[in-house]
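Engineer: Mind looking over this structure? Questions follow.
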Amino acid sequence: MEKAIEIVRNYIETRNYFPNSELFVVWSCYILKNRKFLIGMNKGTKYFEVTYNALKNEWYLDVYNKVDNICIK
């Protein structure tokens with residue numbers, strides 16, 4: 001988990017995108033030898049998916065923008 005947060009921290013700091021943001025893991029799972037982390041931040045509208053592929057010893061980072069937050073009752 002620390003490595004996933006470090007990857008996101010490096011990403012936002014090198015792009016000067018809210019470099020002092022608090023990062024937190026929203027969700028994580030391990031499936032088919034891949035570990036996935038969904039990481040949020042307390043500023044901005046981006047969220048991050050970090051995947052670790054254990055077979056190749058590789059990390060992948062996907063960056064998303066929050067488009068909507070709609071409450072449906």
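Residue numbering restarts at 1 in every chain; chains get A, B, ... in the order shown in the structure tokens, and ligands count up from 1 in that same order.
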When DSSP is applied to the backbone of this structure, which of chain A are assigned strand (DSSP E or B)? Write them out as a PyMOL selection string.
Structural biologist: chain A and resi 23-31+34-41+46-53+58-65
Engineer: I'd like the neighbourhood of Lys36 (chain A) as an MDAnalysis selection string, where a residue qualifies if any of its atoms comes within 10 Å (using only C-alpha atoms), though same-chain residues fewer than 4 positions away should be ignored.
Structural biologist: chainID A and resid 1 4 27:31 49:53 59:61
Engineer: Those same residues - N, CA, C and O atoms - I'd like them written as a PDB file, in the first residue's frame.
Structural biologist:
```
ATOM      1  N   MET A   1       0.821  -1.182   0.000  1.00  0.00           N
ATOM      2  CA  MET A   1       0.000   0.000   0.000  1.00  0.00           C
ATOM      3  C   MET A   1       0.881   1.269   0.000  1.00  0.00           C
ATOM      4  O   MET A   1       0.551   2.226  -0.680  1.00  0.00           O
ATOM      5  N   ALA A   4       2.060   2.120  -3.504  1.00  0.00           N
ATOM      6  CA  ALA A   4       0.995   2.692  -4.335  1.00  0.00           C
ATOM      7  C   ALA A   4       0.824   4.178  -4.023  1.00  0.00           C
ATOM      8  O   ALA A   4       0.716   5.005  -4.932  1.00  0.00           O
ATOM      9  N   TRP A  27     -10.059   1.831  -1.585  1.00  0.00           N
ATOM     10  CA  TRP A  27     -10.401   0.430  -1.827  1.00  0.00           C
ATOM     11  C   TRP A  27      -9.157  -0.285  -2.314  1.00  0.00           C
ATOM     12  O   TRP A  27      -8.311   0.302  -3.009  1.00  0.00           O
ATOM     13  N   SER A  28      -9.019  -1.561  -1.949  1.00  0.00           N
ATOM     14  CA  SER A  28      -7.928  -2.369  -2.501  1.00  0.00           C
ATOM     15  C   SER A  28      -8.392  -3.814  -2.578  1.00  0.00           C
ATOM     16  O   SER A  28      -9.285  -4.244  -1.848  1.00  0.00           O
ATOM     17  N   CYS A  29      -7.780  -4.552  -3.496  1.00  0.00           N
ATOM     18  CA  CYS A  29      -8.090  -5.975  -3.624  1.00  0.00           C
ATOM     19  C   CYS A  29      -6.903  -6.688  -4.251  1.00  0.00           C
ATOM     20  O   CYS A  29      -6.007  -6.074  -4.808  1.00  0.00           O
ATOM     21  N   TYR A  30      -6.932  -8.009  -4.143  1.00  0.00           N
ATOM     22  CA  TYR A  30      -5.914  -8.857  -4.760  1.00  0.00           C
ATOM     23  C   TYR A  30      -6.653  -9.915  -5.553  1.00  0.00           C
ATOM     24  O   TYR A  30      -7.437 -10.693  -4.994  1.00  0.00           O
ATOM     25  N   ILE A  31      -6.421  -9.920  -6.862  1.00  0.00           N
ATOM     26  CA  ILE A  31      -7.118 -10.867  -7.724  1.00  0.00           C
ATOM     27  C   ILE A  31      -6.195 -11.271  -8.877  1.00  0.00           C
ATOM     28  O   ILE A  31      -5.543 -10.416  -9.484  1.00  0.00           O
ATOM     29  N   GLU A  49      -5.976   4.899  -9.821  1.00  0.00           N
ATOM     30  CA  GLU A  49      -5.986   3.450  -9.704  1.00  0.00           C
ATOM     31  C   GLU A  49      -4.560   2.971  -9.927  1.00  0.00           C
ATOM     32  O   GLU A  49      -3.968   3.228 -10.974  1.00  0.00           O
ATOM     33  N   VAL A  50      -4.009   2.298  -8.935  1.00  0.00           N
ATOM     34  CA  VAL A  50      -2.650   1.769  -9.030  1.00  0.00           C
ATOM     35  C   VAL A  50      -2.752   0.249  -9.019  1.00  0.00           C
ATOM     36  O   VAL A  50      -3.412  -0.332  -8.160  1.00  0.00           O
ATOM     37  N   THR A  51      -2.117  -0.396  -9.998  1.00  0.00           N
ATOM     38  CA  THR A  51      -2.145  -1.850 -10.119  1.00  0.00           C
ATOM     39  C   THR A  51      -0.724  -2.383 -10.072  1.00  0.00           C
ATOM     40  O   THR A  51       0.159  -1.853 -10.751  1.00  0.00           O
ATOM     41  N   TYR A  52      -0.521  -3.424  -9.275  1.00  0.00           N
ATOM     42  CA  TYR A  52       0.762  -4.109  -9.242  1.00  0.00           C
ATOM     43  C   TYR A  52       0.603  -5.480  -9.878  1.00  0.00           C
ATOM     44  O   TYR A  52      -0.197  -6.297  -9.432  1.00  0.00           O
ATOM     45  N   ASN A  53       1.352  -5.733 -10.944  1.00  0.00           N
ATOM     46  CA  ASN A  53       1.353  -7.011 -11.630  1.00  0.00           C
ATOM     47  C   ASN A  53       2.512  -7.837 -11.066  1.00  0.00           C
ATOM     48  O   ASN A  53       3.678  -7.599 -11.389  1.00  0.00           O
ATOM     49  N   TRP A  59       4.336  -1.898 -12.007  1.00  0.00           N
ATOM     50  CA  TRP A  59       3.270  -1.063 -11.455  1.00  0.00           C
ATOM     51  C   TRP A  59       2.650  -0.254 -12.584  1.00  0.00           C
ATOM     52  O   TRP A  59       3.360   0.203 -13.486  1.00  0.00           O
ATOM     53  N   TYR A  60       1.345  -0.040 -12.518  1.00  0.00           N
ATOM     54  CA  TYR A  60       0.631   0.761 -13.509  1.00  0.00           C
ATOM     55  C   TYR A  60      -0.194   1.809 -12.775  1.00  0.00           C
ATOM     56  O   TYR A  60      -0.791   1.531 -11.724  1.00  0.00           O
ATOM     57  N   LEU A  61      -0.252   3.002 -13.328  1.00  0.00           N
ATOM     58  CA  LEU A  61      -1.024   4.088 -12.736  1.00  0.00           C
ATOM     59  C   LEU A  61      -2.037   4.589 -13.753  1.00  0.00           C
ATOM     60  O   LEU A  61      -1.672   4.937 -14.875  1.00  0.00           O
TER      61      LEU A  61
END
```
Engineer: Within 12 Å of Tyr11 (chain A), counting only C-alpha atoms, which residues qualify if same-chain residues fewer than 5 places away don't, as a PDB file with N, CA and C atoms, in the first residue's frame?
Structural biologist:
```pdb
ATOM      1  N   ALA A   4       2.060   2.120  -3.504  1.00  0.00           N
ATOM      2  CA  ALA A   4       0.995   2.692  -4.335  1.00  0.00           C
ATOM      3  C   ALA A   4       0.824   4.178  -4.023  1.00  0.00           C
ATOM      4  N   ILE A   5       0.821   4.520  -2.746  1.00  0.00           N
ATOM      5  CA  ILE A   5       0.691   5.931  -2.355  1.00  0.00           C
ATOM      6  C   ILE A   5       1.910   6.725  -2.818  1.00  0.00           C
ATOM      7  N   GLU A   6       3.087   6.139  -2.727  1.00  0.00           N
ATOM      8  CA  GLU A   6       4.313   6.800  -3.185  1.00  0.00           C
ATOM      9  C   GLU A   6       4.247   7.084  -4.689  1.00  0.00           C
ATOM     10  N   ASN A  16       2.867  19.220 -10.228  1.00  0.00           N
ATOM     11  CA  ASN A  16       2.478  20.357  -9.399  1.00  0.00           C
ATOM     12  C   ASN A  16       0.958  20.428  -9.221  1.00  0.00           C
ATOM     13  N   TYR A  17       0.325  19.280  -9.075  1.00  0.00           N
ATOM     14  CA  TYR A  17      -1.119  19.191  -8.906  1.00  0.00           C
ATOM     15  C   TYR A  17      -1.419  18.952  -7.429  1.00  0.00           C
ATOM     16  N   PHE A  18      -1.703  20.005  -6.688  1.00  0.00           N
ATOM     17  CA  PHE A  18      -1.955  19.920  -5.250  1.00  0.00           C
ATOM     18  C   PHE A  18      -0.910  19.042  -4.559  1.00  0.00           C
ATOM     19  N   PRO A  19       0.376  19.455  -4.602  1.00  0.00           N
ATOM     20  CA  PRO A  19       1.442  18.585  -4.089  1.00  0.00           C
ATOM     21  C   PRO A  19       1.351  18.265  -2.600  1.00  0.00           C
ATOM     22  N   SER A  21      -1.414  17.470  -0.966  1.00  0.00           N
ATOM     23  CA  SER A  21      -2.690  16.812  -0.712  1.00  0.00           C
ATOM     24  C   SER A  21      -2.524  15.585   0.175  1.00  0.00           C
ATOM     25  N   LEU A  23      -3.388  11.879   0.775  1.00  0.00           N
ATOM     26  CA  LEU A  23      -3.789  10.728  -0.040  1.00  0.00           C
ATOM     27  C   LEU A  23      -4.295   9.628   0.879  1.00  0.00           C
ATOM     28  N   LYS A  46      -9.301  14.612  -9.034  1.00  0.00           N
ATOM     29  CA  LYS A  46      -8.704  13.402  -9.598  1.00  0.00           C
ATOM     30  C   LYS A  46      -8.757  12.258  -8.595  1.00  0.00           C
ATOM     31  N   TYR A  47      -8.802  11.044  -9.128  1.00  0.00           N
ATOM     32  CA  TYR A  47      -8.579   9.858  -8.316  1.00  0.00           C
ATOM     33  C   TYR A  47      -7.716   8.904  -9.121  1.00  0.00           C
ATOM     34  N   PHE A  48      -7.112   7.956  -8.445  1.00  0.00           N
ATOM     35  CA  PHE A  48      -6.037   7.170  -9.036  1.00  0.00           C
ATOM     36  C   PHE A  48      -6.263   5.682  -8.800  1.00  0.00           C
ATOM     37  N   VAL A  50      -4.009   2.298  -8.935  1.00  0.00           N
ATOM     38  CA  VAL A  50      -2.650   1.769  -9.030  1.00  0.00           C
ATOM     39  C   VAL A  50      -2.752   0.249  -9.019  1.00  0.00           C
ATOM     40  N   TYR A  60       1.345  -0.040 -12.518  1.00  0.00           N
ATOM     41  CA  TYR A  60       0.631   0.761 -13.509  1.00  0.00           C
ATOM     42  C   TYR A  60      -0.194   1.809 -12.775  1.00  0.00           C
ATOM     43  N   LEU A  61      -0.252   3.002 -13.328  1.00  0.00           N
ATOM     44  CA  LEU A  61      -1.024   4.088 -12.736  1.00  0.00           C
ATOM     45  C   LEU A  61      -2.037   4.589 -13.753  1.00  0.00           C
ATOM     46  N   ASP A  62      -3.306   4.603 -13.358  1.00  0.00           N
ATOM     47  CA  ASP A  62      -4.376   5.200 -14.161  1.00  0.00           C
ATOM     48  C   ASP A  62      -4.900   6.395 -13.384  1.00  0.00           C
ATOM     49  N   VAL A  63      -5.114   7.506 -14.096  1.00  0.00           N
ATOM     50  CA  VAL A  63      -5.581   8.740 -13.472  1.00  0.00           C
ATOM     51  C   VAL A  63      -6.946   9.084 -14.060  1.00  0.00           C
TER      52      VAL A  63
END
```
Engineer: CA of Arg15 (chain A) and CA of Ala54 (chain A), how far apart in Å?
Structural biologist: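 If I compute the distance from CA of Ala54 (chain A) to CA of Arg15 (chain A), I get 27.5 Å.
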Engineer: With a distance cut-off of 8 Å and only C-alpha atoms, select the neighbouring residues of Glu22 (chain A), excluding the residue or stretch itself and same-chain residues fewer than 5 positions from it, and output the selection as an MDAnalysis selection string.
Structural biologist: chainID A and resid 41:43
Engineer: Using Å and a single decimal, report how far CA of Val25 (chain A) sits from CA of Leu38 (chain A).
Structural biologist: 5.9 Å
Engineer: If you run DSSP on the backbone, which residues of chain A are alpha helix (DSSP H), as a list in words?
Structural biologist: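 Everything in chain A that counts as alpha helix (DSSP H) is Glu2, Lys3, Ala4, Ile5, Glu6, Ile7, Val8, Arg9, Asn10, Tyr11, Ile12, Glu13 and Thr14 of chain A.
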Engineer: I need the residues from that last selection saved to file as a short mmCIF file (atom, residue, chain, number, x, y, z; two decimals), in the first residue's frame (with N, CA and C atoms), if you can.
Structural biologist:
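Final file, again28.cif:
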```cif
data_model
loop_
_atom_site.label_atom_id
_atom_site.label_comp_id
_atom_site.auth_asym_id
_atom_site.auth_seq_id
_atom_site.Cartn_x
_atom_site.Cartn_y
_atom_site.Cartn_z
N GLU A 2 1.97 1.24 0.75
CA GLU A 2 2.85 2.40 0.80
C GLU A 2 3.44 2.73 -0.56
N LYS A 3 3.79 1.69 -1.32
CA LYS A 3 4.35 1.89 -2.67
C LYS A 3 3.31 2.54 -3.58
N ALA A 4 2.06 2.12 -3.50
CA ALA A 4 0.99 2.69 -4.33
C ALA A 4 0.82 4.18 -4.02
N ILE A 5 0.82 4.52 -2.75
CA ILE A 5 0.69 5.93 -2.36
C ILE A 5 1.91 6.73 -2.82
N GLU A 6 3.09 6.14 -2.73
CA GLU A 6 4.31 6.80 -3.18
C GLU A 6 4.25 7.08 -4.69
N ILE A 7 3.74 6.16 -5.46
CA ILE A 7 3.60 6.35 -6.92
C ILE A 7 2.69 7.53 -7.22
N VAL A 8 1.56 7.59 -6.52
CA VAL A 8 0.62 8.70 -6.73
C VAL A 8 1.23 10.01 -6.26
N ARG A 9 1.88 10.01 -5.11
CA ARG A 9 2.53 11.23 -4.59
C ARG A 9 3.55 11.76 -5.59
N ASN A 10 4.38 10.89 -6.15
CA ASN A 10 5.35 11.32 -7.16
C ASN A 10 4.65 11.91 -8.38
N TYR A 11 3.56 11.30 -8.80
CA TYR A 11 2.80 11.79 -9.95
C TYR A 11 2.29 13.21 -9.71
N ILE A 12 1.63 13.44 -8.58
CA ILE A 12 1.04 14.76 -8.35
C ILE A 12 2.10 15.82 -8.07
N GLU A 13 3.22 15.44 -7.46
CA GLU A 13 4.27 16.41 -7.19
C GLU A 13 5.02 16.82 -8.45
N THR A 14 5.27 15.88 -9.37
CA THR A 14 5.98 16.23 -10.60
C THR A 14 5.12 17.06 -11.54
#
```
